[in-house]
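**Student:** mmCIF, C-alpha atoms, file upload31.cif:
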```
data_structure
#
loop_
_atom_site.label_atom_id
_atom_site.label_comp_id
_atom_site.auth_asym_id
_atom_site.auth_seq_id
_atom_site.Cartn_x
_atom_site.Cartn_y
_atom_site.Cartn_z
CA MET A 1 143.07 59.71 106.97
CA SER A 2 142.41 58.60 103.43
CA MET A 3 143.72 60.33 100.35
CA THR A 4 140.39 61.97 99.42
CA GLU A 5 139.92 63.26 102.96
CA PHE A 6 143.38 64.77 102.87
CA LEU A 7 142.67 66.39 99.51
CA THR A 8 139.34 67.75 100.79
CA LEU A 9 141.04 69.23 103.81
CA LEU A 10 143.72 70.83 101.65
CA LEU A 11 141.15 72.31 99.24
CA LEU A 12 138.92 73.61 102.06
CA ILE A 13 141.86 75.30 103.78
CA ALA A 14 142.99 76.83 100.49
CA GLY A 15 139.42 78.02 99.85
CA ALA A 16 139.18 79.56 103.31
CA PHE A 17 142.52 81.29 102.71
CA PHE A 18 141.19 82.97 99.56
CA TYR A 19 138.01 84.00 101.40
CA ILE A 20 140.12 85.61 104.13
CA ALA A 21 142.31 87.29 101.51
CA GLY A 22 139.19 88.65 99.78
CA THR A 23 137.79 89.92 103.06
CA VAL A 24 141.05 91.62 104.00
CA GLY A 25 141.07 93.22 100.54
CA LEU A 26 137.49 94.41 101.00
CA LEU A 27 138.41 96.03 104.31
CA ARG A 28 141.84 97.40 103.40
CA PHE A 29 141.80 98.37 99.70
CA PRO A 30 141.59 102.10 99.01
CA ASP A 31 138.61 102.54 96.67
CA ILE A 32 135.41 100.87 95.52
CA TYR A 33 136.89 99.42 92.32
CA SER A 34 139.79 97.63 93.97
CA ARG A 35 137.49 96.43 96.75
CA LEU A 36 135.11 94.94 94.21
CA HIS A 37 138.05 93.27 92.54
CA ALA A 38 139.21 91.73 95.83
CA LEU A 39 135.73 90.61 96.77
CA THR A 40 134.67 88.98 93.52
CA LYS A 41 137.94 87.52 92.30
CA ALA A 42 139.22 86.02 95.55
CA ASP A 43 135.80 84.82 96.72
CA ASN A 44 135.02 83.12 93.42
CA LEU A 45 138.26 81.20 93.58
CA GLY A 46 137.76 80.43 97.26
CA LEU A 47 134.25 79.13 96.61
CA GLY A 48 135.51 77.07 93.69
CA LEU A 49 138.11 75.39 95.87
CA ILE A 50 135.57 74.72 98.62
CA ILE A 51 133.10 73.30 96.07
CA VAL A 52 135.74 70.92 94.66
CA GLY A 53 136.70 69.94 98.20
CA LEU A 54 133.07 69.19 99.10
CA ALA A 55 132.40 67.41 95.80
CA LEU A 56 135.11 64.90 96.72
CA GLN A 57 133.00 63.96 99.75
CA ALA A 58 129.65 63.78 97.92
CA ASP A 59 127.75 60.48 97.87
CA SER A 60 126.08 60.88 94.51
CA LEU A 61 126.49 62.57 91.16
CA THR A 62 123.36 64.67 91.83
CA VAL A 63 125.01 66.32 94.80
CA ILE A 64 128.14 67.06 92.74
CA PHE A 65 126.04 68.64 89.97
CA LYS A 66 124.16 70.74 92.53
CA LEU A 67 127.45 71.93 94.03
CA ILE A 68 128.80 72.87 90.60
CA LEU A 69 125.53 74.64 89.82
CA ILE A 70 125.90 76.70 93.00
CA TRP A 71 129.42 77.70 91.97
CA LEU A 72 128.33 78.67 88.44
CA LEU A 73 125.40 80.70 89.81
CA VAL A 74 127.63 82.55 92.25
CA LEU A 75 130.15 83.22 89.46
CA LEU A 76 127.40 84.63 87.28
CA ALA A 77 125.83 86.69 90.05
CA SER A 78 129.05 88.12 91.48
CA ALA A 79 130.48 89.01 88.06
CA SER A 80 127.25 90.76 87.04
CA VAL A 81 126.78 92.53 90.36
CA ALA A 82 130.41 93.67 90.43
CA HIS A 83 130.00 95.10 86.95
CA MET A 84 126.79 96.89 87.87
CA VAL A 85 128.17 98.34 91.10
CA ALA A 86 131.34 99.50 89.35
CA ARG A 87 129.35 101.03 86.48
CA SER A 88 127.04 102.92 88.79
CA ALA A 89 130.08 104.14 90.76
CA GLN A 90 131.67 105.34 87.54
CA GLN A 91 128.46 107.08 86.46
CA LYS A 92 128.37 108.84 89.80
CA GLY A 93 131.84 110.19 88.99
CA ILE A 94 133.86 108.25 91.54
CA LYS A 95 137.45 108.37 90.28
CA PRO A 96 139.60 105.23 90.52
CA TRP A 97 142.30 105.48 93.16
CA THR A 98 145.80 106.34 91.98
CA ARG A 99 148.91 106.40 94.03
CA MET B 1 127.43 68.56 120.96
CA THR B 2 131.11 69.16 120.46
CA LEU B 3 133.00 72.21 121.59
CA LEU B 4 133.33 73.40 117.99
CA GLN B 5 129.54 73.33 117.54
CA TRP B 6 129.08 75.25 120.79
CA ALA B 7 131.55 77.85 119.57
CA PHE B 8 129.85 78.11 116.17
CA ASP B 9 126.36 78.39 117.64
CA GLY B 10 127.51 80.91 120.22
CA LEU B 11 129.18 83.04 117.58
CA LEU B 12 126.08 82.80 115.38
CA GLY B 13 123.79 83.85 118.24
CA ILE B 14 125.95 86.78 119.26
CA THR B 15 126.32 87.92 115.64
CA LEU B 16 122.55 87.76 115.18
CA ILE B 17 121.89 89.91 118.24
CA TRP B 18 124.63 92.35 117.23
CA LEU B 19 123.26 92.57 113.65
CA ALA B 20 119.73 93.11 114.94
CA TRP B 21 120.96 95.91 117.20
CA ARG B 22 123.01 97.53 114.40
CA THR B 23 120.01 97.30 112.07
CA LEU B 24 117.77 99.12 114.54
CA ALA B 25 120.38 101.65 115.62
CA SER B 26 121.69 102.54 112.17
CA ALA B 27 120.83 106.11 111.19
CA ASP B 28 121.47 105.38 107.51
CA LEU B 29 118.45 103.58 106.09
CA PHE B 30 120.38 101.94 103.27
CA LYS B 31 122.89 100.53 105.73
CA ALA B 32 120.05 99.31 107.93
CA ILE B 33 118.51 97.41 105.00
CA VAL B 34 121.82 95.79 104.05
CA LEU B 35 122.29 94.76 107.69
CA PHE B 36 118.73 93.42 107.74
CA ILE B 37 119.46 91.23 104.70
CA ALA B 38 122.63 89.96 106.36
CA PHE B 39 120.56 89.27 109.48
CA GLY B 40 118.08 87.24 107.42
CA LEU B 41 120.83 85.14 105.84
CA LEU B 42 122.43 84.36 109.21
CA MET B 43 118.97 83.67 110.63
CA SER B 44 118.43 81.01 107.97
CA LEU B 45 121.79 79.54 108.97
CA ALA B 46 120.48 79.41 112.54
CA TRP B 47 117.38 77.54 111.34
CA VAL B 48 119.66 75.05 109.57
CA ARG B 49 121.49 74.55 112.87
CA LEU B 50 118.11 73.91 114.51
CA ASN B 51 117.41 71.16 111.92
CA ALA B 52 114.60 73.16 110.33
CA PRO B 53 115.61 73.35 106.65
CA ASP B 54 112.05 74.26 105.57
CA ILE B 55 112.07 77.43 107.65
CA ALA B 56 115.66 78.12 106.61
CA LEU B 57 114.62 78.06 102.96
CA ALA B 58 111.64 80.31 103.61
CA GLU B 59 113.72 82.71 105.72
CA ALA B 60 116.45 82.99 103.09
CA ALA B 61 114.01 83.43 100.20
CA ILE B 62 111.32 85.59 101.82
CA GLY B 63 112.93 87.03 104.94
CA ALA B 64 116.26 88.04 103.45
CA GLY B 65 115.70 88.04 99.70
CA LEU B 66 112.26 89.38 98.92
CA THR B 67 111.77 91.51 102.02
CA GLY B 68 115.20 93.00 101.36
CA ALA B 69 114.22 93.78 97.78
CA LEU B 70 110.92 95.29 98.98
CA LEU B 71 112.72 97.47 101.53
CA LEU B 72 115.29 98.62 98.98
CA VAL B 73 112.66 99.58 96.43
CA ALA B 74 110.66 101.34 99.15
CA LEU B 75 113.78 103.32 100.11
CA ALA B 76 114.40 104.28 96.48
CA ARG B 77 110.81 105.57 96.19
CA LEU B 78 111.06 107.32 99.55
CA ASN B 79 114.09 109.21 98.24
CA VAL B 80 112.18 110.20 95.10
CA VAL B 81 109.24 111.46 97.18
CA ALA B 82 111.58 113.31 99.57
CA ALA B 83 113.41 114.92 96.64
CA GLN B 84 110.08 116.07 95.20
CA THR B 85 109.01 117.68 98.45
CA GLY B 86 112.47 119.21 98.73
CA ASP B 87 113.65 118.03 102.10
CA ILE B 88 115.42 114.78 101.49
CA GLU B 89 117.81 115.23 104.39
CA SER B 90 115.35 116.00 107.14
CA ASN B 91 112.87 113.47 105.86
CA THR B 92 115.16 110.44 105.85
CA LYS B 93 116.77 111.51 109.09
CA GLN B 94 113.49 111.83 110.91
CA ILE B 95 112.37 108.44 109.78
CA SER B 96 115.68 106.79 110.42
CA ALA B 97 116.82 108.25 113.71
CA PRO B 98 114.34 108.69 116.51
CA GLU B 99 117.11 110.19 118.67
CA ASP B 100 117.29 113.04 116.22
CA SER B 101 113.63 113.89 116.51
CA ALA B 102 113.97 113.57 120.27
CA ARG B 103 116.78 116.10 120.13
CA THR B 104 114.67 118.43 118.01
CA THR B 105 111.88 118.31 120.56
CA ALA B 106 114.43 119.07 123.26
CA VAL B 107 115.32 122.26 121.41
CA VAL B 108 111.69 123.20 120.88
CA GLY B 109 110.73 123.22 124.54
CA GLN B 110 111.96 121.90 127.83
CA GLY B 111 108.45 120.92 128.95
CA VAL B 112 107.88 118.80 125.88
CA SER B 113 111.24 117.15 126.36
CA ASN B 114 110.45 116.23 129.97
CA LYS B 115 107.21 114.66 128.91
CA HIS B 116 109.11 112.80 126.21
CA ASN B 117 111.63 111.50 128.73
CA LEU B 118 108.91 110.35 131.08
CA PHE B 119 107.28 108.53 128.22
CA GLN B 120 110.59 106.88 127.41
CA TYR B 121 111.00 105.67 131.01
CA PHE B 122 107.47 104.32 130.85
CA LEU B 123 108.33 102.50 127.61
CA VAL B 124 111.47 101.00 129.15
CA LEU B 125 109.40 99.86 132.14
CA MET B 126 106.78 98.26 129.90
CA LEU B 127 109.38 96.55 127.73
CA SER B 128 111.16 95.22 130.79
CA ALA B 129 107.87 93.79 132.04
CA VAL B 130 107.24 92.10 128.70
CA ALA B 131 110.82 90.75 128.62
CA ALA B 132 110.46 89.42 132.18
CA GLY B 133 107.17 87.74 131.22
CA LEU B 134 108.77 86.14 128.17
CA ALA B 135 111.77 85.00 130.21
CA TYR B 136 109.41 83.46 132.81
CA ALA B 137 107.44 81.70 130.06
CA VAL B 138 110.61 80.29 128.47
CA LEU B 139 112.12 79.22 131.79
CA SER B 140 108.91 77.55 132.97
CA LEU B 141 108.73 75.34 129.88
CA PRO B 142 109.38 71.67 130.55
CA SER B 143 112.95 70.85 129.60
CA GLU B 144 111.87 67.91 127.45
CA ALA B 145 108.80 69.02 125.56
CA PRO B 146 107.30 66.17 123.54
CA GLY B 147 105.42 68.61 121.30
CA LEU B 148 103.20 67.23 118.58
CA SER B 149 105.93 65.69 116.47
CA ARG B 150 105.00 62.16 117.58
CA ASP B 151 101.35 62.67 116.65
CA VAL B 152 102.44 64.01 113.28
CA ALA B 153 104.78 61.06 112.70
CA GLU B 154 102.02 58.58 113.64
CA ASN B 155 99.51 60.11 111.26
CA LEU B 156 101.92 60.82 108.44
CA ASN B 157 100.67 57.89 106.36
CA VAL B 158 97.15 59.35 106.08
CA SER B 159 98.38 62.83 105.18
CA GLY B 160 99.21 62.04 101.55
CA VAL B 161 102.79 63.32 101.78
CA SER B 162 105.93 62.06 103.47
CA ASN B 163 107.43 65.42 104.47
CA PRO B 164 106.04 66.12 107.98
CA VAL B 165 106.27 69.89 107.49
CA THR B 166 104.13 69.78 104.35
CA ALA B 167 101.74 67.38 106.12
CA VAL B 168 101.25 69.91 108.92
CA LEU B 169 101.03 72.96 106.66
CA LEU B 170 98.66 71.58 104.04
CA ASN B 171 96.74 68.88 105.85
CA PHE B 172 96.74 68.85 109.65
CA ARG B 173 96.85 72.63 110.01
CA GLY B 174 95.65 73.58 106.54
CA TYR B 175 93.45 76.27 108.07
CA ASP B 176 96.54 78.30 109.07
CA THR B 177 98.01 78.13 105.59
CA LEU B 178 94.67 79.07 104.07
CA LEU B 179 94.51 82.18 106.24
CA GLU B 180 98.16 83.01 105.46
CA MET B 181 97.31 83.05 101.77
CA ALA B 182 94.39 85.37 102.51
CA VAL B 183 96.68 87.68 104.52
CA LEU B 184 99.11 87.87 101.61
CA LEU B 185 96.32 88.79 99.23
CA LEU B 186 94.97 91.39 101.67
CA ALA B 187 98.44 92.92 101.96
CA LEU B 188 98.56 93.40 98.21
CA LEU B 189 95.05 94.88 98.18
CA GLY B 190 96.20 97.29 100.88
CA VAL B 191 99.16 98.38 98.77
CA TRP B 192 96.95 98.71 95.70
CA SER B 193 94.46 100.89 97.51
CA LEU B 194 97.16 103.49 98.20
CA ASN B 195 98.11 106.19 95.76
CA ARG B 196 99.34 105.08 92.40
CA LEU B 197 102.98 105.52 91.53
CA PRO B 198 103.83 107.15 88.26
CA GLU B 199 103.45 104.48 85.58
CA GLN B 200 106.68 102.63 84.90
CA TYR B 201 107.32 101.88 81.27
CA GLU B 202 109.47 99.25 79.73
CA SER B 203 113.09 100.31 79.90
CA SER B 204 116.52 98.86 79.35
CA PRO B 205 118.85 99.54 82.27
CA GLY B 206 121.80 97.67 80.82
CA LEU B 207 123.09 94.74 78.87
CA VAL B 208 124.43 92.89 81.90
CA LEU B 209 121.14 92.88 83.80
CA ASP B 210 119.35 91.97 80.59
CA MET B 211 121.60 88.99 79.98
CA LEU B 212 121.46 87.97 83.64
CA SER B 213 117.68 87.89 83.60
CA ARG B 214 117.62 85.89 80.37
CA LEU B 215 119.94 83.29 81.89
CA LEU B 216 118.44 83.16 85.36
CA VAL B 217 114.69 83.36 84.82
CA PRO B 218 114.37 79.94 83.13
CA LEU B 219 116.53 78.45 85.87
CA LEU B 220 114.43 80.12 88.57
CA LEU B 221 111.28 78.68 87.00
CA LEU B 222 112.89 75.24 87.04
CA VAL B 223 113.92 75.65 90.68
CA ALA B 224 110.42 76.80 91.63
CA GLY B 225 108.93 73.72 89.96
CA TYR B 226 111.47 71.50 91.67
CA LEU B 227 110.79 72.99 95.12
CA LEU B 228 107.05 72.57 94.58
CA TRP B 229 107.41 68.94 93.51
CA VAL B 230 109.97 67.94 96.13
CA GLY B 231 107.91 69.55 98.93
CA SER B 232 105.84 66.39 99.38
CA ARG B 233 108.80 64.39 100.65
CA ALA B 234 111.66 66.80 101.43
CA PRO B 235 112.10 70.45 102.45
CA GLY B 236 110.34 72.69 99.95
CA GLY B 237 106.76 73.56 99.16
CA ALA B 238 104.46 76.29 97.97
CA PHE B 239 105.88 79.24 99.90
CA GLN B 240 109.49 78.46 98.98
CA ALA B 241 108.60 77.77 95.35
CA GLY B 242 106.39 80.86 95.23
CA SER B 243 109.15 83.09 96.55
CA VAL B 244 111.58 81.74 93.94
CA LEU B 245 108.93 82.46 91.30
CA ALA B 246 108.61 85.96 92.74
CA ALA B 247 112.38 86.37 92.57
CA ALA B 248 112.16 85.67 88.84
CA GLY B 249 109.48 88.36 88.59
CA VAL B 250 111.55 90.85 90.58
CA LEU B 251 114.56 90.18 88.36
CA LEU B 252 112.47 90.74 85.24
CA LEU B 253 111.01 93.95 86.65
CA LEU B 254 114.50 95.18 87.56
CA ALA B 255 115.72 94.34 84.08
CA GLY B 256 113.09 96.71 82.74
CA TRP B 257 110.50 94.21 81.56
CA ARG B 258 106.85 95.12 81.96
CA PRO B 259 103.95 92.76 81.36
CA ALA B 260 101.78 93.72 78.41
CA ALA B 261 98.70 95.76 79.26
CA ARG B 262 96.38 92.98 78.15
CA PHE B 263 97.80 90.70 80.87
CA LEU B 264 97.18 93.24 83.61
CA GLY B 265 93.40 92.95 83.66
CA TRP B 266 91.74 89.69 84.56
CA PRO B 267 94.76 87.43 83.83
CA LEU B 268 96.73 89.14 86.63
CA ARG B 269 93.80 89.01 89.02
CA PHE B 270 93.17 85.38 88.13
CA ALA B 271 96.79 84.52 88.97
CA LEU B 272 96.50 86.45 92.24
CA ILE B 273 93.41 84.66 93.54
CA ILE B 274 93.79 81.17 92.03
CA GLY B 275 95.72 79.88 95.07
CA LEU B 276 93.14 81.01 97.58
CA ALA B 277 90.27 80.03 95.28
CA VAL B 278 91.52 76.46 94.78
CA PHE B 279 92.26 76.11 98.49
CA VAL B 280 88.80 77.32 99.53
CA SER B 281 87.07 75.20 96.86
CA VAL B 282 88.89 72.05 97.95
CA ALA B 283 88.16 72.86 101.59
CA LEU B 284 84.44 73.29 100.86
CA LEU B 285 84.19 70.29 98.52
CA MET B 286 85.46 68.10 101.34
CA MET B 287 82.27 68.95 103.23
CA LEU B 288 80.04 67.50 100.48
CA PRO B 289 80.54 63.78 101.25
CA GLY B 290 79.90 64.54 104.90
CA GLY B 291 83.44 65.38 105.88
CA GLN B 292 84.61 68.45 107.69
CA LEU B 293 86.08 71.63 106.28
CA LEU B 294 89.60 70.93 104.95
CA GLN B 295 89.41 67.25 105.90
CA LEU B 296 91.35 65.62 103.06
CA PRO B 297 90.51 61.93 102.45
CA PRO B 298 93.75 59.91 102.72
CA ALA B 299 93.21 58.32 99.29
CA PHE B 300 93.33 61.64 97.42
CA ALA B 301 95.25 63.72 99.95
CA GLY B 302 98.53 63.62 98.02
CA ALA B 303 96.96 64.74 94.74
CA LEU B 304 94.84 67.39 96.44
CA ILE B 305 97.85 68.80 98.29
CA LEU B 306 99.80 69.00 95.03
CA LEU B 307 96.84 70.74 93.36
CA ILE B 308 96.52 73.27 96.20
CA GLU B 309 100.26 73.85 96.31
CA THR B 310 100.57 74.37 92.56
CA ALA B 311 97.88 77.02 92.57
CA ALA B 312 99.30 78.53 95.76
CA THR B 313 102.80 78.73 94.24
CA LEU B 314 101.51 80.70 91.28
CA SER B 315 99.50 83.06 93.49
CA ILE B 316 102.29 83.59 96.02
CA GLY B 317 104.83 84.27 93.27
CA VAL B 318 102.62 86.75 91.43
CA THR B 319 101.48 88.44 94.67
CA LEU B 320 105.03 88.96 95.93
CA ALA B 321 106.20 90.25 92.54
CA ALA B 322 103.18 92.59 92.43
CA LEU B 323 104.10 93.85 95.91
CA PHE B 324 107.57 94.63 94.53
CA TYR B 325 106.04 96.50 91.59
CA GLY B 326 104.28 98.61 94.19
CA SER B 327 101.11 100.09 92.81
CA ARG B 328 98.17 98.70 90.92
CA PRO B 329 99.27 98.42 87.31
CA ARG B 330 97.11 100.17 84.78
CA SER B 331 95.31 97.88 82.40
CA GLU B 332 92.68 100.21 80.93
CA GLN B 333 94.83 102.46 78.80
CA ILE B 334 97.67 101.26 76.67
CA PRO B 335 100.84 103.24 77.35
CA PRO B 336 101.80 105.54 74.47
CA HIS B 337 104.91 103.79 73.26
CA HIS B 338 103.20 100.43 73.27
CA THR B 339 100.64 101.29 70.62
CA GLY B 340 101.15 99.42 67.44
CA SER B 341 104.28 97.65 68.52
CA GLY B 342 104.29 93.94 69.11
CA GLY B 343 107.16 94.08 71.55
CA GLU B 344 105.30 93.45 74.75
CA ASN B 345 106.85 90.07 75.18
CA GLU B 346 110.54 89.30 75.36
#
```
Could you take the file, read its structure, and then write that structure out as structure tokens?
**Tutor:**
Amino acid sequence: MSMTEFLTLLLLIAGAFFYIAGTVGLLRFPDIYSRLHALTKADNLGLGLIIVGLALQADSLTVIFKLILIWLLVLLASASVAHMVARSAQQKGIKPWTR
Amino acid sequence: MTLLQWAFDGLLGITLIWLAWRTLASADLFKAIVLFIAFGLLMSLAWVRLNAPDIALAEAAIGAGLTGALLLVALARLNVVAAQTGDIESNTKQISAPEDSARTTAVVGQGVSNKHNLFQYFLVLMLSAVAAGLAYAVLSLPSEAPGLSRDVAENLNVSGVSNPVTAVLLNFRGYDTLLEMAVLLLALLGVWSLNRLPEQYESSPGLVLDMLSRLLVPLLLLVAGYLLWVGSRAPGGAFQAGSVLAAAGVLLLLAGWRPAARFLGWPLRFALIIGLAVFVSVALLMMLPGGQLLQLPPAFAGALILLIETAATLSIGVTLAALFYGSRPRSEQIPPHHTGSGGENE
């Protein structure tokens, strides 16, 4: 296995780990705000790692740019959507969870 | 196929069936819509696994994205209507859960309930017959069906494009696509002929959505243009590009933008019919030199397909966005807070 393949594998596994962590957070965290936090933060990092891992295997610069564009779009969308969901939850009067 | 692929495909198939069942069985309409969107996304993954990226694109954009948006906006309006008539609970429940209405009938009268049960058995019987027929049809197919892909591949060089899917959609079976465009337009006319919704004025639901639409709409326009252009040689084309265009429209509508009243008269109608009009004109013009309807001469086929697809993209995008808007927008009277202000455009 070459060096880039090893790096790709490492990055993909790390990315999958963050996706799993985000999913566990979504299922296990107590309220909507912490769930949103788990979902957006962990998934964005996980996707970033997977994108870098895939970019190492890309044949051309175009593919790399497209992959980066996907990551940026998901970052933009998930940050905005998380904000909007959290704001509408707050306007509905859902109180953040406290211990 | 390796074991891993078998496992992935099996998991995908089971998840699809499970999601479809959950979507139908869910009593909560909102949940059902979210499940339906998830179903659409996984369905497009299934199309990718079947080596059909064109359908995957269309499924993701139209099946999951725009249909999901249409269903969500319909649910929001349903809730408004139900709140106005005062029985939001019973209304949504009756629509969402047929078991509930069955239970209500059971309370009303035993006789009615028996009839209902008999009808249900009859339905089960009919559905089983249909399922058995389908199973027989699938099982009696030859295991190696040549299909028409070889004919398409042989004639690809006279089609004007190098993407076989576009060649079939716009050239070999152009008639189907033409009728699909007509169906889309008819659907919008059907929606427009219903009652008008209360007029929706320009509003500003929030900075974030505003900024998001400003960043994404130019990009969506670029992607739509790219999909249209690339459709001649790779997955893409008018329907995919049109649905991306419609997504830009939906985003703008959600961000509170409304087209100016002067664009809602003939400019809107022009955009709605241009796709069908260009398609029909090209189809008829081909008959002039003695050809048949929709018979594109190989020399100009590429240019003609691009012309048809460009017009179709615009029409599909505007039609789908207009479907999302819901009712026929008013063009005759200028809304009160628009008078005198020049702020109709962003």
**Student:** Applying 9 Å and only C-alpha atoms, which residues near Ala55 in chain A remain after dropping the ones on its own chain fewer than 4 positions away? List them as an NGL selection string.
**Tutor:** :A and (8 or 50-51 or 59 or 61 or 63-65 or 67-68)
**Student:** Skip Leu39 in chain A itself and residues of its chain fewer than 6 positions away, then list as an mmCIF file with C-alpha atoms, in the frame of the given file all residues within 8 Å of it, counting all atoms listed in the file.
**Tutor:**
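The resulting file, result-v2.cif, is shown below:
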```cif
data_model
loop_
_atom_site.group_PDB
_atom_site.id
_atom_site.type_symbol
_atom_site.label_atom_id
_atom_site.label_comp_id
_atom_site.auth_asym_id
_atom_site.auth_seq_id
_atom_site.Cartn_x
_atom_site.Cartn_y
_atom_site.Cartn_z
ATOM 1 C CA GLY A 22 139.190 88.650 99.780
ATOM 2 C CA THR A 23 137.790 89.920 103.060
ATOM 3 C CA GLY A 25 141.070 93.220 100.540
ATOM 4 C CA LEU A 26 137.490 94.410 101.000
#
```
**Student:** Identify all chain B residues at most 10 Å from chain A by counting all atoms listed in the file; ligands do not count. Present them as a ChimeraX atom specification.
**Tutor:** /B:206-209,211-212,215-216,219
**Student:** Using all atoms listed in the file, which of B:Val191, B:Leu294, B:Ala7, B:Leu148 sits nearest Pro164 in chain B?
**Tutor:**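 Between B:Val191, B:Leu294, B:Ala7, B:Leu148, the residue approaching Pro164 in chain B most closely is B:Leu148.
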**Student:** Could you tell me, as a ChimeraX atom specification, exactly which residues end up selected when the PyMOL selection byres ((chain A and resi 9) around 12) is applied to this structure?
**Tutor:** /A:1-8,10-16,49-57
**Student:** One decimal, Å: what's the distance from CA of Phe172 in chain B over to CA of Gln295 in chain B, could you say?
**Tutor:**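 Between these atoms lies a distance of 8.4 Å.
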**Student:** Using the chain letters and numbers from the file, which residues does the PyMOL selection byres ((chain B and resi 42) around 12) grab, as a PyMOL selection string?
**Tutor:** chain B and resi 8-9+11-20+35-41+43-49+56-57+59-60+63-64
**Student:** How would you write, as number ranges by chain, the residues chosen by the PyMOL selection byres ((chain B and resi 246) around 9) on this structure?
**Tutor:** B: 66, 241-245, 247-251, 314, 316-322, 324
**Student:** With C-alpha atoms retained, could you export that selection as an mmCIF file, in the frame of the given file?
**Tutor:**
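File selection.cif, as written:
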```cif
data_model
loop_
_atom_site.group_PDB
_atom_site.id
_atom_site.type_symbol
_atom_site.label_atom_id
_atom_site.label_comp_id
_atom_site.auth_asym_id
_atom_site.auth_seq_id
_atom_site.Cartn_x
_atom_site.Cartn_y
_atom_site.Cartn_z
ATOM 1 C CA LEU B 66 112.260 89.380 98.920
ATOM 2 C CA ALA B 241 108.600 77.770 95.350
ATOM 3 C CA GLY B 242 106.390 80.860 95.230
ATOM 4 C CA SER B 243 109.150 83.090 96.550
ATOM 5 C CA VAL B 244 111.580 81.740 93.940
ATOM 6 C CA LEU B 245 108.930 82.460 91.300
ATOM 7 C CA ALA B 247 112.380 86.370 92.570
ATOM 8 C CA ALA B 248 112.160 85.670 88.840
ATOM 9 C CA GLY B 249 109.480 88.360 88.590
ATOM 10 C CA VAL B 250 111.550 90.850 90.580
ATOM 11 C CA LEU B 251 114.560 90.180 88.360
ATOM 12 C CA LEU B 314 101.510 80.700 91.280
ATOM 13 C CA ILE B 316 102.290 83.590 96.020
ATOM 14 C CA GLY B 317 104.830 84.270 93.270
ATOM 15 C CA VAL B 318 102.620 86.750 91.430
ATOM 16 C CA THR B 319 101.480 88.440 94.670
ATOM 17 C CA LEU B 320 105.030 88.960 95.930
ATOM 18 C CA ALA B 321 106.200 90.250 92.540
ATOM 19 C CA ALA B 322 103.180 92.590 92.430
ATOM 20 C CA PHE B 324 107.570 94.630 94.530
#
```
**Student:** From the options B:Leu288, B:Ala58, B:Leu24, B:Leu222, which residue's atoms come nearest to Gly237 in chain B, counting all atoms listed in the file?
**Tutor:**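 The closest residue to Gly237 in chain B is B:Ala58.
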**Student:** Residues near Ile32 in chain A, anyone? I mean within 12 Å using all atoms listed in the file, not counting same-chain ones fewer than 5 positions away, as a PyMOL selection string.
**Tutor:** chain A and resi 25-27+37-39+82-83+85-90+93-97
**Student:** Just the selected residues (C-alpha atoms), exported as a short mmCIF file (atom, residue, chain, number, x, y, z; two decimals), in the frame of the given file, please.
**Tutor:**
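The resulting file, again.cif, is reproduced below:
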```
data_model
loop_
_atom_site.label_atom_id
_atom_site.label_comp_id
_atom_site.auth_asym_id
_atom_site.auth_seq_id
_atom_site.Cartn_x
_atom_site.Cartn_y
_atom_site.Cartn_z
CA GLY A 25 141.07 93.22 100.54
CA LEU A 26 137.49 94.41 101.00
CA LEU A 27 138.41 96.03 104.31
CA HIS A 37 138.05 93.27 92.54
CA ALA A 38 139.21 91.73 95.83
CA LEU A 39 135.73 90.61 96.77
CA ALA A 82 130.41 93.67 90.43
CA HIS A 83 130.00 95.10 86.95
CA VAL A 85 128.17 98.34 91.10
CA ALA A 86 131.34 99.50 89.35
CA ARG A 87 129.35 101.03 86.48
CA SER A 88 127.04 102.92 88.79
CA ALA A 89 130.08 104.14 90.76
CA GLN A 90 131.67 105.34 87.54
CA GLY A 93 131.84 110.19 88.99
CA ILE A 94 133.86 108.25 91.54
CA LYS A 95 137.45 108.37 90.28
CA PRO A 96 139.60 105.23 90.52
CA TRP A 97 142.30 105.48 93.16
#
```
**Student:** Report as a PDB file with C-alpha atoms, in the coordinates of the input all protein, DNA and RNA residues lying within 7 Å of range 19-21 of chain A, evaluated on all atoms listed in the file, omitting residues in the same chain fewer than 5 positions from it.
**Tutor:**
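Output file selection07.pdb follows:
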```
ATOM      1  CA  ALA A  42     139.220  86.020  95.550  1.00  0.00           C
ATOM      2  CA  ASP A  43     135.800  84.820  96.720  1.00  0.00           C
ATOM      3  CA  GLY A  46     137.760  80.430  97.260  1.00  0.00           C
TER       4      GLY A  46
END
```
**Student:** Take CA of Ile305 in chain B and CA of Leu170 in chain B and report the distance between them in Å, one decimal.
**Tutor:**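 If I compute the distance from CA of Ile305 in chain B to CA of Leu170 in chain B, I get 6.4 Å.
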**Student:** So, with all atoms listed in the file as the atoms that count, which of B:Gly174, B:Pro267, B:Gly236, B:Gly256 lies closest to Val282 in chain B?
**Tutor:** B:Gly174
**Student:** Mind checking which residues fall within 12 Å of Leu276 in chain B, counting all atoms listed in the file, ignoring those fewer than 6 positions away in the same chain, and posting them as a list in words?
**Tutor:** Gly174, Tyr175, Thr177, Leu178, Leu179, Glu180, Met181, Ala182, Val183, Leu184, Leu185, Leu186, Arg269, Phe270, Val282, Ala283, Leu307, Ile308, Glu309, Thr310, Ala311, Ala312, Thr313, Leu314, Ser315, Ile316 and Thr319 of chain B
